[in-house]
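The block underneath contains the structure these notes are about, expressed in structure tokens.
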Amino acid sequence: MGLIKSAVTAVCLVVALLAPTSHSQSTAKVLCYYDGANFLIEGLGKVSLTDIEAALPFCTHLVYGYAALDPDSNKAVSRNANLDLDTGKGNYRQVTGLKRKFPGLKVLLGIGGYRFSSASPKYLELLESGAGRITFINSVYSIVKTYEFDGIDLAWQFPQNKPKKVRSTPGKLWHGFKKVFSGDSALDEKADEHREEFTALLRELKNAFRSDGYQLGVTVLPHVNASMFMDIPAIVNYLDFVNIAAYDMQTPERNKKEADYFAPIYELSERVPESNVDALVKLWLNNHAPASKLIVSIPTHGRGWKMDGDSGITGVPPLPADGAAPAGPQLQQEGFYSWAETCAKLPNPSNTGLKGADGPLRKVNDPTKRFGPYAFRVPDSNGEHGVWVSYEDPDSAGNKAAYVKAKGLGGIALNDLAFDDFRGSCAGEKYPILRAAKYRL
């Protein structure tokens, strides 16, 4: 009996030693974003709540978006009442009901969002009104309480930075000299005031949520200068997490004539210094934000440009471009592709030997694990069908999760579940980007 007991003890010790001890196994967050508006897309792009259930075992949080600010009433409201409310399809009730099927899952309401940044003046006006903030907070609390959300993710629509071109060192010096004398038009002349008022909004929201234990997170949207609009040391005390949306550094909409990596981890030479994951993370760490509260957002989409006669044949970015590449069959958006759409453009048995617009792109991997992959097809003899795409794939998503783990950060966010391969059409596995990132966390 003693020998048996000793053997069992030894086995238990071995198992304990082999078990992962990283903090991420127990505490790292995996925020999975789903914009309910993807259900309204006709055709291949339509993604329902049932479709995303296969992803939820890998998620700690599901963020359902997007509620918006009603400028007339200062209330938070659904963008699609017929989809979300009980008087319509009832998605709010259904999405929070997923907690019964997936115990431990937290379901948050996303407010604001990236697609609708043209509404930013209304968001600034609300900050200036104490009464308006109270109305907004009361409406948010009512939605969260009524539909049993666990809190909110607030993607406040501050003005976005202007696009910046890649410059050589002499170009940077001249631009800096010119800026001293000419100045840039201010993003927000009352930025200091709005920073203080945003701090007040978060403090008031946290106070409203405290008795119910609701979570409060903030997403820093792409191209928003956090140091301008957010008093980082002050607001982190009110937040459960900060999601850094470190992607879309370059897009065909913002940089029609210049194709480049859209979500690099680290800075490349002769680039805008802050346009990478590491720089944005360091901004928060250097302003005393706890690493455990910082979330790095991993995109599931790619960005594509048209190559032309000036783009060259190497594909090495940055390179001259001619606007957005043609739309794909799923999302039907020029220059914006889901992972399934991008994957279908890479070499595979179905496109081998095809030419023109149907021909495969040449894939270029990232052995440095710093910048992400890209793929391209040079224009034909008529100057047509040239495409250059920067994208996230399972390998690059895994590299970002490994970065998060190595830095001791709070976790990752996948944005959006609808743009991952939710059907498994690429490699037969559903949600491969989410799976790969979760595995490396």
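To be explicit about the labels: the chains of the structure tokens are called A, B, and onward in the order shown, and within each one the residues are counted from 1, while ligands get numbers from 1 in the order they are shown.
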Gly410 of chain A: which residues within 12 Å, counting only C-alpha atoms, same-chain residues fewer than 4 positions away excluded, as a tab-separated table (two decimals) with all heavy atoms, in the first residue's frame?
```
chain	number	residue	atom	x	y	z
A	23	HIS	N	0.86	32.86	-15.95
A	23	HIS	CA	-0.31	33.57	-15.46
A	23	HIS	C	-1.44	33.53	-16.45
A	23	HIS	O	-2.62	33.60	-16.10
A	23	HIS	CB	0.07	35.02	-15.16
A	23	HIS	CG	0.16	35.88	-16.38
A	23	HIS	ND1	1.22	35.80	-17.26
A	23	HIS	CD2	-0.69	36.79	-16.90
A	23	HIS	CE1	1.03	36.64	-18.25
A	23	HIS	NE2	-0.11	37.26	-18.06
A	24	SER	N	-1.09	33.42	-17.75
A	24	SER	CA	-2.12	33.51	-18.79
A	24	SER	C	-3.09	32.36	-18.75
A	24	SER	O	-4.21	32.47	-19.21
A	24	SER	CB	-1.46	33.59	-20.18
A	24	SER	OG	-0.74	32.41	-20.45
A	25	GLN	N	-2.66	31.23	-18.20
A	25	GLN	CA	-3.55	30.08	-18.17
A	25	GLN	C	-4.77	30.35	-17.30
A	25	GLN	O	-5.82	29.76	-17.50
A	25	GLN	CB	-2.78	28.85	-17.65
A	25	GLN	CG	-1.69	28.36	-18.59
A	25	GLN	CD	-2.25	27.83	-19.89
A	25	GLN	OE1	-3.28	27.18	-19.90
A	25	GLN	NE2	-1.58	28.13	-20.97
A	26	SER	N	-4.62	31.22	-16.31
A	26	SER	CA	-5.73	31.42	-15.39
A	26	SER	C	-6.32	32.82	-15.47
A	26	SER	O	-7.48	33.01	-15.12
A	26	SER	CB	-5.26	31.15	-13.94
A	26	SER	OG	-4.17	31.99	-13.62
A	27	THR	N	-5.53	33.79	-15.91
A	27	THR	CA	-6.01	35.17	-15.81
A	27	THR	C	-6.08	35.91	-17.13
A	27	THR	O	-6.70	36.97	-17.20
A	27	THR	CB	-5.12	35.98	-14.85
A	27	THR	OG1	-3.79	36.03	-15.38
A	27	THR	CG2	-5.07	35.33	-13.47
A	28	ALA	N	-5.43	35.45	-18.17
A	28	ALA	CA	-5.41	36.21	-19.43
A	28	ALA	C	-6.80	36.27	-20.04
A	28	ALA	O	-7.52	35.28	-20.10
A	28	ALA	CB	-4.43	35.59	-20.42
A	29	LYS	N	-7.16	37.45	-20.50
A	29	LYS	CA	-8.46	37.64	-21.13
A	29	LYS	C	-8.36	37.36	-22.63
A	29	LYS	O	-7.34	37.64	-23.26
A	29	LYS	CB	-8.96	39.07	-20.92
A	29	LYS	CG	-9.28	39.43	-19.46
A	29	LYS	CD	-9.76	40.87	-19.37
A	29	LYS	CE	-10.24	41.23	-17.97
A	29	LYS	NZ	-9.12	41.20	-16.99
A	30	VAL	N	-9.42	36.84	-23.18
A	30	VAL	CA	-9.58	36.71	-24.63
A	30	VAL	C	-10.91	37.36	-24.97
A	30	VAL	O	-11.98	36.76	-24.79
A	30	VAL	CB	-9.55	35.25	-25.10
A	30	VAL	CG1	-9.72	35.18	-26.62
A	30	VAL	CG2	-8.24	34.58	-24.68
A	31	LEU	N	-10.85	38.62	-25.41
A	31	LEU	CA	-12.05	39.37	-25.76
A	31	LEU	C	-12.40	39.09	-27.22
A	31	LEU	O	-11.59	39.33	-28.11
A	31	LEU	CB	-11.82	40.87	-25.56
A	31	LEU	CG	-12.00	41.46	-24.17
A	31	LEU	CD1	-11.04	40.86	-23.17
A	31	LEU	CD2	-11.83	42.98	-24.21
A	60	THR	N	-12.97	34.49	-23.20
A	60	THR	CA	-13.39	34.80	-21.83
A	60	THR	C	-14.49	35.85	-21.82
A	60	THR	O	-15.31	35.89	-20.92
A	60	THR	CB	-12.21	35.32	-20.99
A	60	THR	OG1	-11.70	36.53	-21.58
A	60	THR	CG2	-11.09	34.29	-20.93
A	240	ASP	N	-11.46	48.04	-16.04
A	240	ASP	CA	-11.11	46.64	-15.89
A	240	ASP	C	-10.12	46.20	-16.97
A	240	ASP	O	-9.35	45.27	-16.77
A	240	ASP	CB	-12.37	45.76	-15.95
A	240	ASP	CG	-13.27	45.99	-14.76
A	240	ASP	OD1	-12.97	45.46	-13.68
A	240	ASP	OD2	-14.27	46.71	-14.89
A	241	PHE	N	-10.16	46.86	-18.12
A	241	PHE	CA	-9.21	46.56	-19.18
A	241	PHE	C	-9.15	47.74	-20.16
A	241	PHE	O	-10.07	48.56	-20.22
A	241	PHE	CB	-9.59	45.28	-19.94
A	241	PHE	CG	-10.91	45.34	-20.67
A	241	PHE	CD1	-10.99	45.88	-21.95
A	241	PHE	CD2	-12.07	44.86	-20.08
A	241	PHE	CE1	-12.20	45.94	-22.63
A	241	PHE	CE2	-13.29	44.91	-20.74
A	241	PHE	CZ	-13.36	45.46	-22.02
A	242	VAL	N	-8.05	47.80	-20.89
A	242	VAL	CA	-7.86	48.75	-21.98
A	242	VAL	C	-7.50	47.95	-23.21
A	242	VAL	O	-6.46	47.29	-23.26
A	242	VAL	CB	-6.74	49.76	-21.67
A	242	VAL	CG1	-6.52	50.69	-22.86
A	242	VAL	CG2	-7.05	50.55	-20.41
A	243	ASN	N	-8.37	47.96	-24.21
A	243	ASN	CA	-8.12	47.25	-25.46
A	243	ASN	C	-7.46	48.19	-26.45
A	243	ASN	O	-8.06	49.17	-26.88
A	243	ASN	CB	-9.44	46.70	-26.03
A	243	ASN	CG	-9.25	46.04	-27.38
A	243	ASN	OD1	-8.19	45.50	-27.67
A	243	ASN	ND2	-10.28	46.09	-28.21
A	244	ILE	N	-6.21	47.90	-26.82
A	244	ILE	CA	-5.46	48.73	-27.74
A	244	ILE	C	-5.67	48.18	-29.15
A	244	ILE	O	-5.17	47.12	-29.49
A	244	ILE	CB	-3.97	48.75	-27.38
A	244	ILE	CG1	-3.79	49.28	-25.95
A	244	ILE	CG2	-3.19	49.60	-28.37
A	244	ILE	CD1	-2.37	49.15	-25.43
A	281	VAL	N	1.63	49.96	-26.90
A	281	VAL	CA	1.66	49.32	-25.57
A	281	VAL	C	2.57	50.11	-24.64
A	281	VAL	O	2.21	50.38	-23.48
A	281	VAL	CB	2.13	47.86	-25.69
A	281	VAL	CG1	2.46	47.28	-24.32
A	281	VAL	CG2	1.06	47.01	-26.38
A	289	ALA	N	0.14	52.56	-16.54
A	289	ALA	CA	-0.98	51.62	-16.66
A	289	ALA	C	-0.49	50.22	-16.30
A	289	ALA	O	0.57	49.79	-16.78
A	289	ALA	CB	-1.53	51.62	-18.08
A	290	PRO	N	-1.21	49.50	-15.46
A	290	PRO	CA	-0.80	48.13	-15.12
A	290	PRO	C	-0.79	47.24	-16.35
A	290	PRO	O	-1.75	47.23	-17.13
A	290	PRO	CB	-1.86	47.67	-14.12
A	290	PRO	CG	-2.50	48.93	-13.61
A	290	PRO	CD	-2.44	49.90	-14.75
A	291	ALA	N	0.27	46.49	-16.54
A	291	ALA	CA	0.36	45.59	-17.70
A	291	ALA	C	-0.81	44.61	-17.72
A	291	ALA	O	-1.31	44.25	-18.79
A	291	ALA	CB	1.68	44.82	-17.66
A	292	SER	N	-1.28	44.22	-16.54
A	292	SER	CA	-2.36	43.23	-16.45
A	292	SER	C	-3.68	43.73	-16.99
A	292	SER	O	-4.60	42.94	-17.24
A	292	SER	CB	-2.54	42.79	-15.00
A	292	SER	OG	-2.90	43.91	-14.19
A	293	LYS	N	-3.80	45.06	-17.19
A	293	LYS	CA	-5.05	45.61	-17.73
A	293	LYS	C	-4.99	45.85	-19.23
A	293	LYS	O	-6.01	46.21	-19.84
A	293	LYS	CB	-5.40	46.92	-17.02
A	293	LYS	CG	-5.87	46.75	-15.58
A	293	LYS	CD	-6.41	48.05	-15.01
A	293	LYS	CE	-6.95	47.84	-13.60
A	293	LYS	NZ	-7.58	49.07	-13.06
A	294	LEU	N	-3.83	45.67	-19.84
A	294	LEU	CA	-3.66	46.00	-21.25
A	294	LEU	C	-3.95	44.80	-22.14
A	294	LEU	O	-3.39	43.72	-21.96
A	294	LEU	CB	-2.24	46.51	-21.52
A	294	LEU	CG	-1.83	47.77	-20.75
A	294	LEU	CD1	-0.45	48.23	-21.19
A	294	LEU	CD2	-2.85	48.89	-20.91
A	295	ILE	N	-4.82	45.01	-23.11
A	295	ILE	CA	-5.23	44.00	-24.07
A	295	ILE	C	-4.75	44.44	-25.46
A	295	ILE	O	-4.93	45.59	-25.84
A	295	ILE	CB	-6.77	43.84	-24.09
A	295	ILE	CG1	-7.32	43.60	-22.68
A	295	ILE	CG2	-7.19	42.74	-25.05
A	295	ILE	CD1	-6.88	42.32	-22.03
A	296	VAL	N	-4.16	43.52	-26.21
A	296	VAL	CA	-3.74	43.82	-27.58
A	296	VAL	C	-4.75	43.21	-28.54
A	296	VAL	O	-5.03	42.01	-28.51
A	296	VAL	CB	-2.34	43.26	-27.87
A	296	VAL	CG1	-2.01	43.38	-29.36
A	296	VAL	CG2	-1.29	44.02	-27.05
A	297	SER	N	-5.30	44.07	-29.39
A	297	SER	CA	-6.31	43.62	-30.35
A	297	SER	C	-5.65	43.02	-31.58
A	297	SER	O	-4.73	43.60	-32.15
A	297	SER	CB	-7.19	44.81	-30.76
A	297	SER	OG	-8.48	44.39	-31.12
A	401	ALA	N	0.06	36.95	-29.87
A	401	ALA	CA	-0.29	36.40	-28.56
A	401	ALA	C	0.97	36.07	-27.76
A	401	ALA	O	1.01	36.28	-26.54
A	401	ALA	CB	-1.15	35.15	-28.75
A	403	TYR	N	3.78	37.65	-28.00
A	403	TYR	CA	4.27	38.96	-27.55
A	403	TYR	C	3.54	39.37	-26.26
A	403	TYR	O	4.16	39.82	-25.30
A	403	TYR	CB	4.05	40.00	-28.65
A	403	TYR	CG	4.20	41.44	-28.21
A	403	TYR	CD1	5.44	42.07	-28.26
A	403	TYR	CD2	3.10	42.17	-27.75
A	403	TYR	CE1	5.59	43.40	-27.86
A	403	TYR	CE2	3.24	43.49	-27.34
A	403	TYR	CZ	4.48	44.10	-27.40
A	403	TYR	OH	4.62	45.41	-26.98
A	404	VAL	N	2.22	39.23	-26.27
A	404	VAL	CA	1.41	39.58	-25.10
A	404	VAL	C	1.85	38.78	-23.88
A	404	VAL	O	2.01	39.31	-22.77
A	404	VAL	CB	-0.08	39.36	-25.40
A	404	VAL	CG1	-0.92	39.38	-24.13
A	404	VAL	CG2	-0.58	40.41	-26.39
A	405	LYS	N	2.07	37.51	-24.08
A	405	LYS	CA	2.48	36.63	-22.97
A	405	LYS	C	3.86	37.03	-22.46
A	405	LYS	O	4.10	37.11	-21.25
A	405	LYS	CB	2.48	35.18	-23.45
A	405	LYS	CG	2.84	34.17	-22.36
A	405	LYS	CD	2.71	32.76	-22.90
A	405	LYS	CE	3.04	31.73	-21.82
A	405	LYS	NZ	2.92	30.33	-22.34
A	406	ALA	N	4.80	37.29	-23.38
A	406	ALA	CA	6.15	37.64	-22.98
A	406	ALA	C	6.20	38.96	-22.22
A	406	ALA	O	7.03	39.13	-21.31
A	406	ALA	CB	7.05	37.72	-24.22
A	441	LEU	N	-1.16	31.99	-26.11
A	441	LEU	CA	-1.32	32.95	-25.01
A	441	LEU	C	-0.88	32.34	-23.67
A	441	LEU	O	-1.27	31.24	-23.33
A	441	LEU	CB	-2.79	33.40	-24.93
A	441	LEU	CG	-3.09	34.58	-24.02
A	441	LEU	CD1	-2.33	35.83	-24.48
A	441	LEU	CD2	-4.59	34.85	-24.00
```
> Can you tell me, as a list in words, what residues are no more than 10 Å from Asp310 of chain A when counting only C-alpha atoms, ignoring any on the same chain fewer than 5 positions away?
Replying inline: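 Answer for this query is Leu319, Pro320, Ala321 and Asp322 of chain A.
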DSSP says strand (DSSP E or B) for which residues of segment 200-330 of chain A? Put them as a PyMOL selection string? chain A and resi 215-220+241-244+258-259+294-299+301-306+319-320+324
ask   = For the atom pair atom CA of Lys46 of chain A and atom CA of Gln157 of chain A, what is the interatomic distance in Å to one decimal place?
value =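 Separating atom CA of Lys46 of chain A from atom CA of Gln157 of chain A is a distance of 26.1 Å.
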Set the distance at 10 Å and use only C-alpha atoms: which residues neighbour segment 324-332 of chain A once local chain neighbours fewer than 3 positions away are removed? I'd like the list as a PyMOL selection string. chain A and resi 38+41-46+251-253+255-257+259+303-307+321+335-338+340-342+344-345+357+385-389+418-419
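Minimum atom-to-atom distances from A:Glu197, A:Phe58, A:Asp35, A:Trp156 to Tyr439 of chain A were compared using only C-alpha atoms, and the lowest value belongs to A:Phe58.
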- Query: So which one's closest to Glu384 of chain A, A:Gly323, A:Gly408, A:Gly309, A:Ile433? Using only C-alpha atoms, please.
  - Reply: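 Of all the options, A:Gly309 lies closest to Glu384 of chain A.
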Output as a ChimeraX atom specification all residues of segment 195-417 of chain A that backbone DSSP marks as alpha helix (DSSP H). /A:195-210,226-229,232-235,277-286,339-345,394-407
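Comparing A:Ala234, A:Ala54, A:Ala37, A:Cys32 by their smallest distance to Phe422 of chain A, the closest is A:Ala54 (using only C-alpha atoms).
If only C-alpha atoms are the atoms counted, then among A:Asp212, A:Asp416, A:Asp278, A:Glu125 the closest residue to Tyr431 of chain A is A:Asp416.
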Can you pull out every residue within 7 Å of segment 106-115 of chain A, counting only C-alpha atoms, but drop anything in the same chain fewer than 3 positions away, and send it as a short mmCIF file (atom, residue, chain, number, x, y, z; two decimals) with N, CA, C and O atoms, in the first residue's frame?
```cif
data_model
loop_
_atom_site.label_atom_id
_atom_site.label_comp_id
_atom_site.auth_asym_id
_atom_site.auth_seq_id
_atom_site.Cartn_x
_atom_site.Cartn_y
_atom_site.Cartn_z
N THR A 60 -12.97 34.49 -23.20
CA THR A 60 -13.39 34.80 -21.83
C THR A 60 -14.49 35.85 -21.82
O THR A 60 -15.31 35.89 -20.92
N HIS A 61 -14.48 36.73 -22.85
CA HIS A 61 -15.47 37.79 -22.98
C HIS A 61 -15.98 37.82 -24.41
O HIS A 61 -15.22 37.62 -25.36
N LEU A 62 -17.26 38.10 -24.55
CA LEU A 62 -17.86 38.37 -25.85
C LEU A 62 -18.36 39.81 -25.82
O LEU A 62 -19.16 40.17 -24.95
N VAL A 63 -17.87 40.62 -26.73
CA VAL A 63 -18.30 42.02 -26.83
C VAL A 63 -19.24 42.13 -28.02
O VAL A 63 -18.81 41.94 -29.17
N TYR A 64 -20.49 42.44 -27.74
CA TYR A 64 -21.50 42.54 -28.79
C TYR A 64 -21.72 44.01 -29.12
O TYR A 64 -22.05 44.82 -28.25
N GLY A 65 -21.55 44.38 -30.38
CA GLY A 65 -21.70 45.78 -30.75
C GLY A 65 -22.65 45.97 -31.92
O GLY A 65 -23.09 45.01 -32.53
N TYR A 66 -22.98 47.25 -32.22
CA TYR A 66 -22.52 48.38 -31.44
C TYR A 66 -23.69 49.27 -31.11
O TYR A 66 -24.51 49.58 -31.98
N ALA A 67 -23.76 49.64 -29.82
CA ALA A 67 -24.69 50.69 -29.44
C ALA A 67 -24.07 52.03 -29.82
O ALA A 67 -22.86 52.14 -30.01
N ALA A 68 -24.90 53.05 -29.92
CA ALA A 68 -24.42 54.35 -30.38
C ALA A 68 -24.98 55.46 -29.50
O ALA A 68 -25.89 55.24 -28.69
N THR A 96 -26.84 37.61 -24.41
CA THR A 96 -26.54 37.41 -23.00
C THR A 96 -27.01 36.03 -22.54
O THR A 96 -26.46 35.47 -21.59
N PHE A 149 -26.38 42.24 -19.46
CA PHE A 149 -24.98 42.31 -19.84
C PHE A 149 -24.12 42.35 -18.57
O PHE A 149 -24.59 42.70 -17.49
N ASP A 150 -22.85 42.01 -18.73
CA ASP A 150 -21.92 42.03 -17.60
C ASP A 150 -21.12 43.32 -17.52
O ASP A 150 -20.23 43.46 -16.67
N GLY A 151 -21.42 44.26 -18.40
CA GLY A 151 -20.71 45.53 -18.42
C GLY A 151 -20.63 46.05 -19.84
O GLY A 151 -21.37 45.62 -20.72
N ILE A 152 -19.69 46.98 -20.05
CA ILE A 152 -19.57 47.60 -21.37
C ILE A 152 -18.11 47.70 -21.80
O ILE A 152 -17.20 47.70 -20.97
N ASP A 153 -17.92 47.78 -23.10
CA ASP A 153 -16.65 48.17 -23.70
C ASP A 153 -16.91 49.48 -24.42
O ASP A 153 -17.70 49.53 -25.37
N LEU A 154 -16.25 50.53 -23.99
CA LEU A 154 -16.53 51.87 -24.49
C LEU A 154 -15.47 52.26 -25.53
O LEU A 154 -14.31 52.51 -25.18
N ALA A 155 -15.85 52.28 -26.79
CA ALA A 155 -14.96 52.68 -27.88
C ALA A 155 -15.33 54.10 -28.27
O ALA A 155 -16.02 54.34 -29.27
N TRP A 156 -14.89 55.07 -27.46
CA TRP A 156 -15.30 56.46 -27.62
C TRP A 156 -14.71 57.04 -28.89
O TRP A 156 -13.53 56.83 -29.20
N GLN A 157 -15.52 57.78 -29.62
CA GLN A 157 -15.12 58.25 -30.94
C GLN A 157 -14.47 59.63 -30.87
O GLN A 157 -15.07 60.65 -31.18
N LEU A 221 -9.42 53.33 -30.14
CA LEU A 221 -9.61 53.06 -31.56
C LEU A 221 -8.37 53.42 -32.37
O LEU A 221 -7.56 54.25 -31.94
#
```
*What is the atom CA of Leu354 of chain A-atom CA of Pro299 of chain A distance in Å, reported with one decimal?*
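Between atom CA of Leu354 of chain A and atom CA of Pro299 of chain A the gap is 29.2 Å.
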List the spatial neighbours of Pro318 of chain A as a PyMOL selection string - criterion: any atom at most 8 Å away, only C-alpha atoms, same-chain residues fewer than 6 positions off excluded.
chain A and resi 166+258-261
All heavy atoms of the current selection, written as a JSON list (two decimals), in the first residue's frame:
```
[["chain", "number", "residue", "atom", "x", "y", "z"],
["A", 166, "VAL", "N", 5.18, 57.85, -45.13],
["A", 166, "VAL", "CA", 6.50, 57.36, -44.81],
["A", 166, "VAL", "C", 7.50, 58.37, -45.36],
["A", 166, "VAL", "O", 7.40, 58.78, -46.51],
["A", 166, "VAL", "CB", 6.74, 55.97, -45.43],
["A", 166, "VAL", "CG1", 8.18, 55.53, -45.19],
["A", 166, "VAL", "CG2", 5.77, 54.97, -44.85],
["A", 258, "GLU", "N", -0.06, 54.60, -51.04],
["A", 258, "GLU", "CA", 1.08, 54.02, -50.34],
["A", 258, "GLU", "C", 0.65, 52.77, -49.58],
["A", 258, "GLU", "O", -0.05, 52.84, -48.57],
["A", 258, "GLU", "CB", 1.66, 55.05, -49.37],
["A", 258, "GLU", "CG", 2.96, 54.66, -48.73],
["A", 258, "GLU", "CD", 3.51, 55.80, -47.88],
["A", 258, "GLU", "OE1", 2.86, 56.17, -46.89],
["A", 258, "GLU", "OE2", 4.58, 56.32, -48.24],
["A", 259, "ALA", "N", 1.03, 51.60, -50.08],
["A", 259, "ALA", "CA", 0.68, 50.33, -49.43],
["A", 259, "ALA", "C", 1.77, 49.93, -48.45],
["A", 259, "ALA", "O", 2.97, 50.06, -48.74],
["A", 259, "ALA", "CB", 0.50, 49.23, -50.48],
["A", 260, "ASP", "N", 1.35, 49.46, -47.28],
["A", 260, "ASP", "CA", 2.32, 49.07, -46.26],
["A", 260, "ASP", "C", 1.65, 48.14, -45.25],
["A", 260, "ASP", "O", 0.43, 47.97, -45.26],
["A", 260, "ASP", "CB", 2.86, 50.31, -45.54],
["A", 260, "ASP", "CG", 4.24, 50.09, -44.92],
["A", 260, "ASP", "OD1", 4.73, 48.94, -44.94],
["A", 260, "ASP", "OD2", 4.82, 51.07, -44.43],
["A", 261, "TYR", "N", 2.47, 47.56, -44.37],
["A", 261, "TYR", "CA", 1.94, 46.69, -43.31],
["A", 261, "TYR", "C", 0.85, 47.42, -42.53],
["A", 261, "TYR", "O", 1.02, 48.58, -42.14],
["A", 261, "TYR", "CB", 3.04, 46.30, -42.34],
["A", 261, "TYR", "CG", 4.14, 45.45, -42.93],
["A", 261, "TYR", "CD1", 5.38, 46.00, -43.24],
["A", 261, "TYR", "CD2", 3.95, 44.09, -43.16],
["A", 261, "TYR", "CE1", 6.40, 45.23, -43.76],
["A", 261, "TYR", "CE2", 4.97, 43.30, -43.68],
["A", 261, "TYR", "CZ", 6.19, 43.88, -43.97],
["A", 261, "TYR", "OH", 7.20, 43.10, -44.49]]
```
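With only C-alpha atoms as the atoms that count, the minimum distance from Ser227 of chain A to the choices A:Ala402, A:Leu283, A:Val140, A:Ala245 is reached by A:Leu283.
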